[in-house]
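Engineer: Contents are mmCIF, C-alpha atoms and all ligand atoms; chains and numbers go by the auth columns; file name my_file24.cif:
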```cif
data_input
#
loop_
_atom_site.group_PDB
_atom_site.id
_atom_site.type_symbol
_atom_site.label_atom_id
_atom_site.label_comp_id
_atom_site.label_asym_id
_atom_site.label_seq_id
_atom_site.Cartn_x
_atom_site.Cartn_y
_atom_site.Cartn_z
_atom_site.B_iso_or_equiv
_atom_site.auth_seq_id
_atom_site.auth_asym_id
ATOM 1 C CA MET A 1 169.728 66.243 -132.805 0.00 1 A
ATOM 2 C CA VAL A 2 168.487 67.693 -136.112 0.00 2 A
ATOM 3 C CA THR A 3 164.849 67.193 -137.081 0.00 3 A
ATOM 4 C CA VAL A 4 163.163 68.412 -140.256 0.00 4 A
ATOM 5 C CA ALA A 5 159.487 68.888 -141.035 0.00 5 A
ATOM 6 C CA GLY A 6 157.364 70.189 -143.870 0.00 6 A
ATOM 7 C CA VAL A 7 155.210 73.214 -143.068 0.00 7 A
ATOM 8 C CA ALA A 8 151.527 72.992 -143.980 0.00 8 A
ATOM 9 C CA GLU A 9 150.420 76.060 -142.042 0.00 9 A
ATOM 10 C CA LEU A 10 152.177 79.270 -141.080 0.00 10 A
ATOM 11 C CA ASP A 11 151.485 81.360 -137.999 0.00 11 A
ATOM 12 C CA ASP A 12 152.896 84.749 -137.037 0.00 12 A
ATOM 13 C CA GLY A 13 155.272 83.234 -134.480 0.00 13 A
ATOM 14 C CA LEU A 14 156.871 80.896 -137.012 0.00 14 A
ATOM 15 C CA VAL A 15 157.119 83.673 -139.611 0.00 15 A
ATOM 16 C CA ALA A 16 158.834 85.920 -137.055 0.00 16 A
ATOM 17 C CA GLU A 17 161.388 83.207 -136.196 0.00 17 A
ATOM 18 C CA LEU A 18 162.127 82.430 -139.851 0.00 18 A
ATOM 19 C CA HIS A 19 162.392 86.155 -140.596 0.00 19 A
ATOM 20 C CA ARG A 20 164.931 86.533 -137.780 0.00 20 A
ATOM 21 C CA ILE A 21 167.117 83.754 -139.233 0.00 21 A
ATOM 22 C CA ILE A 22 167.039 85.372 -142.688 0.00 22 A
ATOM 23 C CA VAL A 23 167.683 88.895 -141.398 0.00 23 A
ATOM 24 C CA ASP A 24 170.716 87.793 -139.358 0.00 24 A
ATOM 25 C CA LEU A 25 172.171 85.873 -142.322 0.00 25 A
ATOM 26 C CA VAL A 26 171.636 88.735 -144.792 0.00 26 A
ATOM 27 C CA ARG A 27 173.187 91.217 -142.327 0.00 27 A
ATOM 28 C CA ASP A 28 176.253 88.948 -142.202 0.00 28 A
ATOM 29 C CA GLY A 29 176.459 88.971 -146.010 0.00 29 A
ATOM 30 C CA ALA A 30 175.022 85.514 -146.727 0.00 30 A
ATOM 31 C CA PRO A 31 174.381 84.993 -150.450 0.00 31 A
ATOM 32 C CA LEU A 32 170.596 84.657 -150.284 0.00 32 A
ATOM 33 C CA GLY A 33 169.712 87.184 -152.993 0.00 33 A
ATOM 34 C CA TRP A 34 168.989 90.169 -150.753 0.00 34 A
ATOM 35 C CA LEU A 35 171.313 93.135 -150.389 0.00 35 A
ATOM 36 C CA ASP A 36 169.368 94.466 -147.384 0.00 36 A
ATOM 37 C CA PRO A 37 167.378 92.381 -144.904 0.00 37 A
ATOM 38 C CA PRO A 38 163.790 91.853 -146.073 0.00 38 A
ATOM 39 C CA SER A 39 160.880 93.090 -143.953 0.00 39 A
ATOM 40 C CA VAL A 40 158.761 90.661 -141.971 0.00 40 A
ATOM 41 C CA ALA A 41 155.855 91.500 -144.321 0.00 41 A
ATOM 42 C CA GLU A 42 157.936 90.446 -147.345 0.00 42 A
ATOM 43 C CA ILE A 43 158.847 87.138 -145.692 0.00 43 A
ATOM 44 C CA ALA A 44 155.243 86.544 -144.608 0.00 44 A
ATOM 45 C CA THR A 45 154.041 87.075 -148.189 0.00 45 A
ATOM 46 C CA LEU A 46 156.813 84.960 -149.710 0.00 46 A
ATOM 47 C CA LEU A 47 156.434 82.008 -147.352 0.00 47 A
ATOM 48 C CA GLY A 48 152.641 82.321 -147.370 0.00 48 A
ATOM 49 C CA THR A 49 152.686 81.847 -151.145 0.00 49 A
ATOM 50 C CA VAL A 50 155.005 78.857 -150.832 0.00 50 A
ATOM 51 C CA VAL A 51 152.779 77.167 -148.242 0.00 51 A
ATOM 52 C CA ALA A 52 149.632 77.866 -150.288 0.00 52 A
ATOM 53 C CA ASP A 53 151.320 76.396 -153.386 0.00 53 A
ATOM 54 C CA ALA A 54 152.490 73.420 -151.323 0.00 54 A
ATOM 55 C CA GLY A 55 148.864 72.489 -150.827 0.00 55 A
ATOM 56 C CA ASN A 56 148.615 71.975 -154.604 0.00 56 A
ATOM 57 C CA GLY A 57 151.871 70.026 -154.900 0.00 57 A
ATOM 58 C CA ASP A 58 153.554 73.049 -156.477 0.00 58 A
ATOM 59 C CA ALA A 59 155.981 73.932 -153.677 0.00 59 A
ATOM 60 C CA GLY A 60 157.398 72.797 -150.379 0.00 60 A
ATOM 61 C CA LEU A 61 158.611 74.614 -147.267 0.00 61 A
ATOM 62 C CA VAL A 62 160.783 72.642 -144.849 0.00 62 A
ATOM 63 C CA VAL A 63 162.105 73.828 -141.498 0.00 63 A
ATOM 64 C CA ALA A 64 164.838 72.295 -139.356 0.00 64 A
ATOM 65 C CA ARG A 65 165.201 72.273 -135.595 0.00 65 A
ATOM 66 C CA THR A 66 168.070 71.409 -133.293 0.00 66 A
ATOM 67 C CA GLY A 67 166.274 70.324 -130.171 0.00 67 A
ATOM 68 C CA ASP A 68 163.517 72.910 -129.699 0.00 68 A
ATOM 69 C CA ASP A 69 165.338 75.681 -131.555 0.00 69 A
ATOM 70 C CA LEU A 70 164.463 76.628 -135.090 0.00 70 A
ATOM 71 C CA ALA A 71 167.717 76.228 -137.013 0.00 71 A
ATOM 72 C CA GLY A 72 166.912 76.734 -140.688 0.00 72 A
ATOM 73 C CA LEU A 73 164.523 76.666 -143.588 0.00 73 A
ATOM 74 C CA GLY A 74 164.368 75.918 -147.265 0.00 74 A
ATOM 75 C CA TYR A 75 161.809 75.803 -150.011 0.00 75 A
ATOM 76 C CA TRP A 76 161.293 74.674 -153.599 0.00 76 A
ATOM 77 C CA ARG A 77 158.754 75.906 -156.135 0.00 77 A
ATOM 78 C CA ARG A 78 157.434 74.468 -159.377 0.00 78 A
ATOM 79 C CA TYR A 79 158.226 76.539 -162.472 0.00 79 A
ATOM 80 C CA THR A 80 155.242 78.628 -163.582 0.00 80 A
ATOM 81 C CA ARG A 81 155.881 78.569 -167.360 0.00 81 A
ATOM 82 C CA PRO A 82 153.454 75.998 -168.799 0.00 82 A
ATOM 83 C CA THR A 83 156.151 74.118 -170.723 0.00 83 A
ATOM 84 C CA ASN A 84 158.334 73.903 -167.593 0.00 84 A
ATOM 85 C CA ARG A 85 155.652 72.683 -165.203 0.00 85 A
ATOM 86 C CA PRO A 86 157.150 69.204 -164.555 0.00 86 A
ATOM 87 C CA HIS A 87 160.167 70.886 -162.987 0.00 87 A
ATOM 88 C CA ALA A 88 160.962 72.985 -159.938 0.00 88 A
ATOM 89 C CA ASP A 89 163.622 75.234 -158.477 0.00 89 A
ATOM 90 C CA LEU A 90 165.143 74.848 -155.025 0.00 90 A
ATOM 91 C CA GLU A 91 165.047 78.559 -154.319 0.00 91 A
ATOM 92 C CA ARG A 92 166.520 78.944 -150.844 0.00 92 A
ATOM 93 C CA VAL A 93 168.271 76.961 -148.131 0.00 93 A
ATOM 94 C CA ALA A 94 169.272 78.952 -145.050 0.00 94 A
ATOM 95 C CA VAL A 95 170.722 77.777 -141.741 0.00 95 A
ATOM 96 C CA ALA A 96 171.115 80.108 -138.753 0.00 96 A
ATOM 97 C CA GLY A 97 174.748 81.066 -138.186 0.00 97 A
ATOM 98 C CA ALA A 98 175.012 79.346 -134.788 0.00 98 A
ATOM 99 C CA ALA A 99 173.585 76.111 -136.218 0.00 99 A
ATOM 100 C CA GLN A 100 175.840 75.875 -139.272 0.00 100 A
ATOM 101 C CA GLY A 101 178.329 73.056 -139.733 0.00 101 A
ATOM 102 C CA LYS A 102 176.246 70.556 -137.733 0.00 102 A
ATOM 103 C CA GLY A 103 174.392 68.754 -140.500 0.00 103 A
ATOM 104 C CA VAL A 104 171.330 71.022 -140.593 0.00 104 A
ATOM 105 C CA GLY A 105 171.860 72.128 -144.200 0.00 105 A
ATOM 106 C CA ARG A 106 172.348 68.525 -145.301 0.00 106 A
ATOM 107 C CA ALA A 107 169.174 67.386 -143.491 0.00 107 A
ATOM 108 C CA LEU A 108 167.178 70.301 -144.925 0.00 108 A
ATOM 109 C CA THR A 109 168.358 69.839 -148.498 0.00 109 A
ATOM 110 C CA THR A 110 167.812 66.079 -148.366 0.00 110 A
ATOM 111 C CA ALA A 111 164.250 66.636 -147.103 0.00 111 A
ATOM 112 C CA LEU A 112 163.578 69.231 -149.807 0.00 112 A
ATOM 113 C CA VAL A 113 164.780 66.906 -152.565 0.00 113 A
ATOM 114 C CA ASP A 114 162.670 64.071 -151.136 0.00 114 A
ATOM 115 C CA ASP A 115 159.648 66.372 -150.919 0.00 115 A
ATOM 116 C CA ALA A 116 160.051 67.521 -154.534 0.00 116 A
ATOM 117 C CA ARG A 117 160.449 63.923 -155.684 0.00 117 A
ATOM 118 C CA ALA A 118 157.311 62.906 -153.769 0.00 118 A
ATOM 119 C CA ALA A 119 155.419 65.719 -155.536 0.00 119 A
ATOM 120 C CA GLY A 120 156.435 64.194 -158.874 0.00 120 A
ATOM 121 C CA ILE A 121 159.013 66.823 -159.819 0.00 121 A
ATOM 122 C CA GLU A 122 161.169 65.591 -162.694 0.00 122 A
ATOM 123 C CA VAL A 123 164.109 68.001 -162.697 0.00 123 A
ATOM 124 C CA LEU A 124 165.048 70.067 -159.659 0.00 124 A
ATOM 125 C CA THR A 125 167.297 73.046 -160.353 0.00 125 A
ATOM 126 C CA LEU A 126 169.023 75.545 -158.104 0.00 126 A
ATOM 127 C CA ASP A 127 171.522 78.335 -158.428 0.00 127 A
ATOM 128 C CA ALA A 128 174.199 79.537 -156.082 0.00 128 A
ATOM 129 C CA ARG A 129 176.899 82.160 -155.927 0.00 129 A
ATOM 130 C CA GLY A 130 180.160 80.823 -157.306 0.00 130 A
ATOM 131 C CA ASP A 131 182.126 81.503 -154.114 0.00 131 A
ATOM 132 C CA ASN A 132 179.668 79.582 -151.901 0.00 132 A
ATOM 133 C CA ALA A 133 181.902 76.520 -151.616 0.00 133 A
ATOM 134 C CA THR A 134 180.025 75.060 -148.644 0.00 134 A
ATOM 135 C CA ALA A 135 176.650 75.140 -150.394 0.00 135 A
ATOM 136 C CA LEU A 136 178.024 73.941 -153.733 0.00 136 A
ATOM 137 C CA GLY A 137 179.888 71.066 -152.065 0.00 137 A
ATOM 138 C CA LEU A 138 176.765 70.084 -150.174 0.00 138 A
ATOM 139 C CA TYR A 139 174.641 70.082 -153.342 0.00 139 A
ATOM 140 C CA ARG A 140 177.216 68.061 -155.296 0.00 140 A
ATOM 141 C CA SER A 141 177.413 65.496 -152.493 0.00 141 A
ATOM 142 C CA LEU A 142 173.642 65.014 -152.840 0.00 142 A
ATOM 143 C CA GLY A 143 173.877 64.329 -156.577 0.00 143 A
ATOM 144 C CA PHE A 144 173.419 67.779 -158.132 0.00 144 A
ATOM 145 C CA THR A 145 175.577 68.558 -161.158 0.00 145 A
ATOM 146 C CA GLU A 146 176.501 71.868 -162.763 0.00 146 A
ATOM 147 C CA TYR A 147 174.740 72.646 -166.051 0.00 147 A
ATOM 148 C CA GLY A 148 175.838 76.219 -166.558 0.00 148 A
ATOM 149 C CA ARG A 149 177.435 79.318 -165.172 0.00 149 A
ATOM 150 C CA LEU A 150 177.072 83.059 -165.776 0.00 150 A
ATOM 151 C CA PRO A 151 180.439 84.680 -165.104 0.00 151 A
ATOM 152 C CA ASP A 152 180.428 87.817 -162.942 0.00 152 A
ATOM 153 C CA PHE A 153 176.620 87.949 -162.865 0.00 153 A
ATOM 154 C CA VAL A 154 175.824 88.403 -159.165 0.00 154 A
ATOM 155 C CA ALA A 155 176.311 92.046 -158.177 0.00 155 A
ATOM 156 C CA VAL A 156 177.078 93.044 -154.609 0.00 156 A
ATOM 157 C CA GLY A 157 178.164 96.669 -154.756 0.00 157 A
ATOM 158 C CA GLU A 158 181.186 96.770 -157.032 0.00 158 A
ATOM 159 C CA ARG A 159 181.922 93.062 -156.571 0.00 159 A
ATOM 160 C CA ARG A 160 180.847 90.450 -159.114 0.00 160 A
ATOM 161 C CA TYR A 161 180.459 86.699 -158.605 0.00 161 A
ATOM 162 C CA ASP A 162 179.609 83.837 -160.927 0.00 162 A
ATOM 163 C CA LYS A 163 176.054 82.529 -160.810 0.00 163 A
ATOM 164 C CA VAL A 164 176.279 78.723 -160.902 0.00 164 A
ATOM 165 C CA PHE A 165 173.374 76.528 -162.043 0.00 165 A
ATOM 166 C CA TYR A 166 172.917 73.004 -160.652 0.00 166 A
ATOM 167 C CA MET A 167 170.332 70.343 -161.390 0.00 167 A
ATOM 168 C CA ILE A 168 169.330 66.859 -160.328 0.00 168 A
ATOM 169 C CA ASP A 169 167.168 64.632 -162.501 0.00 169 A
ATOM 170 C CA LEU A 170 164.767 62.941 -160.098 0.00 170 A
ATOM 171 C CA ARG A 171 163.376 60.668 -162.811 0.00 171 A
ATOM 172 C CA SER A 172 166.585 58.641 -162.845 0.00 172 A
ATOM 173 C CA ALA A 173 166.197 57.964 -159.113 0.00 173 A
ATOM 174 C CA ARG A 174 162.782 56.364 -159.607 0.00 174 A
ATOM 175 C CA GLY A 175 164.026 53.113 -161.078 0.00 175 A
ATOM 176 C CA PRO A 176 164.394 51.989 -164.693 0.00 176 A
ATOM 177 C CA LEU A 177 160.928 50.469 -165.116 0.00 177 A
ATOM 178 C CA GLU A 178 158.807 53.356 -163.912 0.00 178 A
ATOM 179 C CA GLY A 179 157.309 55.527 -166.612 0.00 179 A
ATOM 180 C CA GLN A 180 157.911 52.891 -169.320 0.00 180 A
ATOM 181 C CA GLN A 181 154.635 51.023 -169.068 0.00 181 A
HETATM 182 C C1 LIG B . 175.121 76.555 -147.062 0.00 201 A
HETATM 183 C C2 LIG B . 174.379 76.117 -145.797 0.00 201 A
HETATM 184 C C3 LIG B . 172.902 75.934 -146.092 0.00 201 A
HETATM 185 C C4 LIG B . 174.964 74.768 -145.340 0.00 201 A
HETATM 186 O O1 LIG B . 174.297 74.380 -144.149 0.00 201 A
HETATM 187 P P1 LIG B . 175.109 73.775 -142.898 0.00 201 A
HETATM 188 O O2 LIG B . 174.111 73.333 -141.900 0.00 201 A
HETATM 189 O O3 LIG B . 176.118 74.753 -142.461 0.00 201 A
HETATM 190 O O4 LIG B . 175.831 72.544 -143.597 0.00 201 A
HETATM 191 P P2 LIG B . 176.040 71.075 -143.016 0.00 201 A
HETATM 192 O O5 LIG B . 176.531 71.155 -141.596 0.00 201 A
HETATM 193 O O6 LIG B . 174.822 70.256 -143.289 0.00 201 A
HETATM 194 O O7 LIG B . 177.244 70.565 -143.911 0.00 201 A
HETATM 195 C C5 LIG B . 177.050 70.193 -145.247 0.00 201 A
HETATM 196 C C6 LIG B . 178.397 70.025 -145.906 0.00 201 A
HETATM 197 O O8 LIG B . 178.969 71.301 -146.096 0.00 201 A
HETATM 198 C C7 LIG B . 180.371 71.237 -145.832 0.00 201 A
HETATM 199 N N1 LIG B . 180.649 72.203 -144.786 0.00 201 A
HETATM 200 C C8 LIG B . 179.887 72.524 -143.712 0.00 201 A
HETATM 201 N N2 LIG B . 180.436 73.512 -143.022 0.00 201 A
HETATM 202 C C9 LIG B . 181.571 73.816 -143.677 0.00 201 A
HETATM 203 C C10 LIG B . 182.590 74.766 -143.464 0.00 201 A
HETATM 204 N N3 LIG B . 182.547 75.608 -142.429 0.00 201 A
HETATM 205 N N4 LIG B . 183.600 74.815 -144.370 0.00 201 A
HETATM 206 C C11 LIG B . 183.630 73.970 -145.418 0.00 201 A
HETATM 207 N N5 LIG B . 182.699 73.048 -145.658 0.00 201 A
HETATM 208 C C12 LIG B . 181.701 72.969 -144.806 0.00 201 A
HETATM 209 C C13 LIG B . 180.719 69.856 -145.410 0.00 201 A
HETATM 210 O O9 LIG B . 181.275 69.219 -146.545 0.00 201 A
HETATM 211 C C14 LIG B . 179.408 69.230 -145.090 0.00 201 A
HETATM 212 O O10 LIG B . 179.388 67.934 -145.542 0.00 201 A
HETATM 213 P P3 LIG B . 179.473 66.696 -144.503 0.00 201 A
HETATM 214 O O11 LIG B . 178.063 66.475 -144.047 0.00 201 A
HETATM 215 O O12 LIG B . 180.000 65.597 -145.340 0.00 201 A
HETATM 216 O O13 LIG B . 180.379 67.108 -143.388 0.00 201 A
HETATM 217 C C15 LIG B . 174.584 77.129 -144.647 0.00 201 A
HETATM 218 O O14 LIG B . 175.941 77.317 -144.431 0.00 201 A
HETATM 219 C C16 LIG B . 173.917 78.482 -144.874 0.00 201 A
HETATM 220 O O15 LIG B . 172.743 78.668 -144.578 0.00 201 A
HETATM 221 N N6 LIG B . 174.682 79.463 -145.386 0.00 201 A
HETATM 222 C C17 LIG B . 174.167 80.821 -145.587 0.00 201 A
HETATM 223 C C18 LIG B . 173.059 80.859 -146.632 0.00 201 A
HETATM 224 C C19 LIG B . 173.451 80.155 -147.899 0.00 201 A
HETATM 225 O O16 LIG B . 174.558 80.309 -148.398 0.00 201 A
HETATM 226 N N7 LIG B . 172.517 79.358 -148.419 0.00 201 A
HETATM 227 C C20 LIG B . 172.712 78.629 -149.657 0.00 201 A
HETATM 228 C C21 LIG B . 172.374 79.500 -150.802 0.00 201 A
HETATM 229 S S1 LIG B . 172.581 78.610 -152.341 0.00 201 A
#
```
Go through the file and emit its structure as structure tokens.
Structural biologist:
Amino acid sequence: MVTVAGVAELDDGLVAELHRIIVDLVRDGAPLGWLDPPSVAEIATLLGTVVADAGNGDAGLVVARTGDDLAGLGYWRRYTRPTNRPHADLERVAVAGAAQGKGVGRALTTALVDDARAAGIEVLTLDARGDNATALGLYRSLGFTEYGRLPDFVAVGERRYDKVFYMIDLRSARGPLEGQQ
């Protein structure tokens, strides 16, 4: 069974487990933005910032478990530019290789969208590599739509992939009367 939970506090053990998931995925070539696996210090700093920002309603870190095993993570962050503050970016969703294809990514992404909506985020964006059919199909099935694409933008050695931009407008999911009074 898949369970998901927001993270309000990080400890070294959780950071080490999340780091392991990311390292294994990056080593296998997963399109997470790293060419080489990040250090545990980099992940501790990154996720520490996300959790601190979550306390202010500016971010959210969600982890998934299958039974007792940590199976994946994802996080969103509010845009920092003052004129973009109502909006946020779903920056990463990552499911451990052995746990993929069992609904973990869907549960994680659904929880992240719900968390962003609960924080009052108006537009949630994300980007993905153009060849990541599984991720793109998952996002589309949850209501994301493509709003742009940079051809041959993502560089992995000599290879180039499109960078695809998706968005979901969370205001439209709040009902027609809200915000009009
Ligand atoms: C993309 C990713 C998050 C999806 O997570 P997952 O747990 O494997 O996905 P789920 O089991 O929840 O499946 C979600 C949908 O993806 C599709 N899918 C899953 N596995 C698939 C596969 N092997 N081939 C094709 N489609 C697949 C299905 O349409 C599924 O929808 P369904 O619920 O209607 O069956 C995961 O594969 C992953 O972490 N990949 C590496 C990192 C990455 O690419 N992250 C996204 C960066 S934008």
Engineer: Just say which residues the PyMOL selection byres (((chain A and resi 35) around 12) and not hetatm) picks in this file, as a ChimeraX atom specification.
Structural biologist: /A:22-23,25-34,36-38,154-157
Engineer: Compute the set of protein, DNA and RNA residues whose minimum atom distance to ligand LIG 201 (chain A) is at most 8 Å, using only C-alpha atoms and all ligand atoms, and state it as a PyMOL selection string.
Structural biologist: chain A and resi 25+30-32+72+91-97+99-109+126-129+132-138+141
Engineer: Given the point (172.3, 64.1, -156.8) in the coordinates of this file, which residues lie within 12 Å, counting only C-alpha atoms, and how would they look as an MDAnalysis selection string?
Structural biologist: chainID A and resid 109:110 113:114 117 123:126 136:146 166:173
Engineer: Which residues, written as a list in words, have at least one atom at most 12 Å from Thr49 in chain A, with only C-alpha atoms counted and residues fewer than 2 positions away on the same chain left out?
Structural biologist: Ala8, Glu9, Leu10, Glu42, Ile43, Ala44, Thr45, Leu46, Leu47, Val51, Ala52, Asp53, Ala54, Gly55, Asn56, Asp58, Ala59, Gly60, Leu61, Tyr75, Trp76 and Arg77 of chain A
Engineer: Create the file for the chosen residues now, containing C-alpha atoms and written as a PDB file, keeping the file's coordinate frame.
Structural biologist:
```
ATOM      1  CA  ALA A   8     151.527  72.992-143.980  1.00  0.00           C
ATOM      2  CA  GLU A   9     150.420  76.060-142.042  1.00  0.00           C
ATOM      3  CA  LEU A  10     152.177  79.270-141.080  1.00  0.00           C
ATOM      4  CA  GLU A  42     157.936  90.446-147.345  1.00  0.00           C
ATOM      5  CA  ILE A  43     158.847  87.138-145.692  1.00  0.00           C
ATOM      6  CA  ALA A  44     155.243  86.544-144.608  1.00  0.00           C
ATOM      7  CA  THR A  45     154.041  87.075-148.189  1.00  0.00           C
ATOM      8  CA  LEU A  46     156.813  84.960-149.710  1.00  0.00           C
ATOM      9  CA  LEU A  47     156.434  82.008-147.352  1.00  0.00           C
ATOM     10  CA  VAL A  51     152.779  77.167-148.242  1.00  0.00           C
ATOM     11  CA  ALA A  52     149.632  77.866-150.288  1.00  0.00           C
ATOM     12  CA  ASP A  53     151.320  76.396-153.386  1.00  0.00           C
ATOM     13  CA  ALA A  54     152.490  73.420-151.323  1.00  0.00           C
ATOM     14  CA  GLY A  55     148.864  72.489-150.827  1.00  0.00           C
ATOM     15  CA  ASN A  56     148.615  71.975-154.604  1.00  0.00           C
ATOM     16  CA  ASP A  58     153.554  73.049-156.477  1.00  0.00           C
ATOM     17  CA  ALA A  59     155.981  73.932-153.677  1.00  0.00           C
ATOM     18  CA  GLY A  60     157.398  72.797-150.379  1.00  0.00           C
ATOM     19  CA  LEU A  61     158.611  74.614-147.267  1.00  0.00           C
ATOM     20  CA  TYR A  75     161.809  75.803-150.011  1.00  0.00           C
ATOM     21  CA  TRP A  76     161.293  74.674-153.599  1.00  0.00           C
ATOM     22  CA  ARG A  77     158.754  75.906-156.135  1.00  0.00           C
TER      23      ARG A  77
END
```
Engineer: May I have the residues within 9 Å of Gly120 in chain A as a ChimeraX atom specification, using only C-alpha atoms and disregarding those fewer than 4 positions away in the same chain?
Structural biologist: /A:57,86-87,115-116,170-171
Engineer: Just so the selection is clear, what residues does the PyMOL selection byres (((chain A and resi 17) around 12) and not hetatm) cover here, as a VMD selection string?
Structural biologist: chain A and resid 10 to 16 18 to 24 40 43 to 44 63 to 65 69 to 73 96
Engineer: CA of Arg81 in chain A and CA of Val50 in chain A are how many Å apart?
Structural biologist: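 Between these atoms lies a distance of 16.6 Å.
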Engineer: Work out how far CA of Gly48 in chain A is from CA of Ala119 in chain A, in Å to one decimal.
Structural biologist: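 Rounded to one decimal, the two atoms are 18.7 Å apart.
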Engineer: Please, what distance in Å, to one decimal, runs between CA of Arg78 in chain A and CA of Leu112 in chain A?
Structural biologist: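 Between CA of Arg78 in chain A and CA of Leu112 in chain A the gap works out to 12.5 Å.
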Engineer: Could you check the closest approach to Glu122 in chain A for each of A:Asp68, A:Tyr79, A:Leu150, A:Glu158 and tell me which residue wins, using all atoms listed in the file?
Structural biologist: A:Tyr79
Engineer: I need the residue nearest Ala111 in chain A from this list: A:Thr80, A:Ser39, A:Phe153, A:Val62. Use all atoms listed in the file for the distance.
Structural biologist: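 Among A:Thr80, A:Ser39, A:Phe153, A:Val62, it is A:Val62 that comes nearest to Ala111 in chain A.
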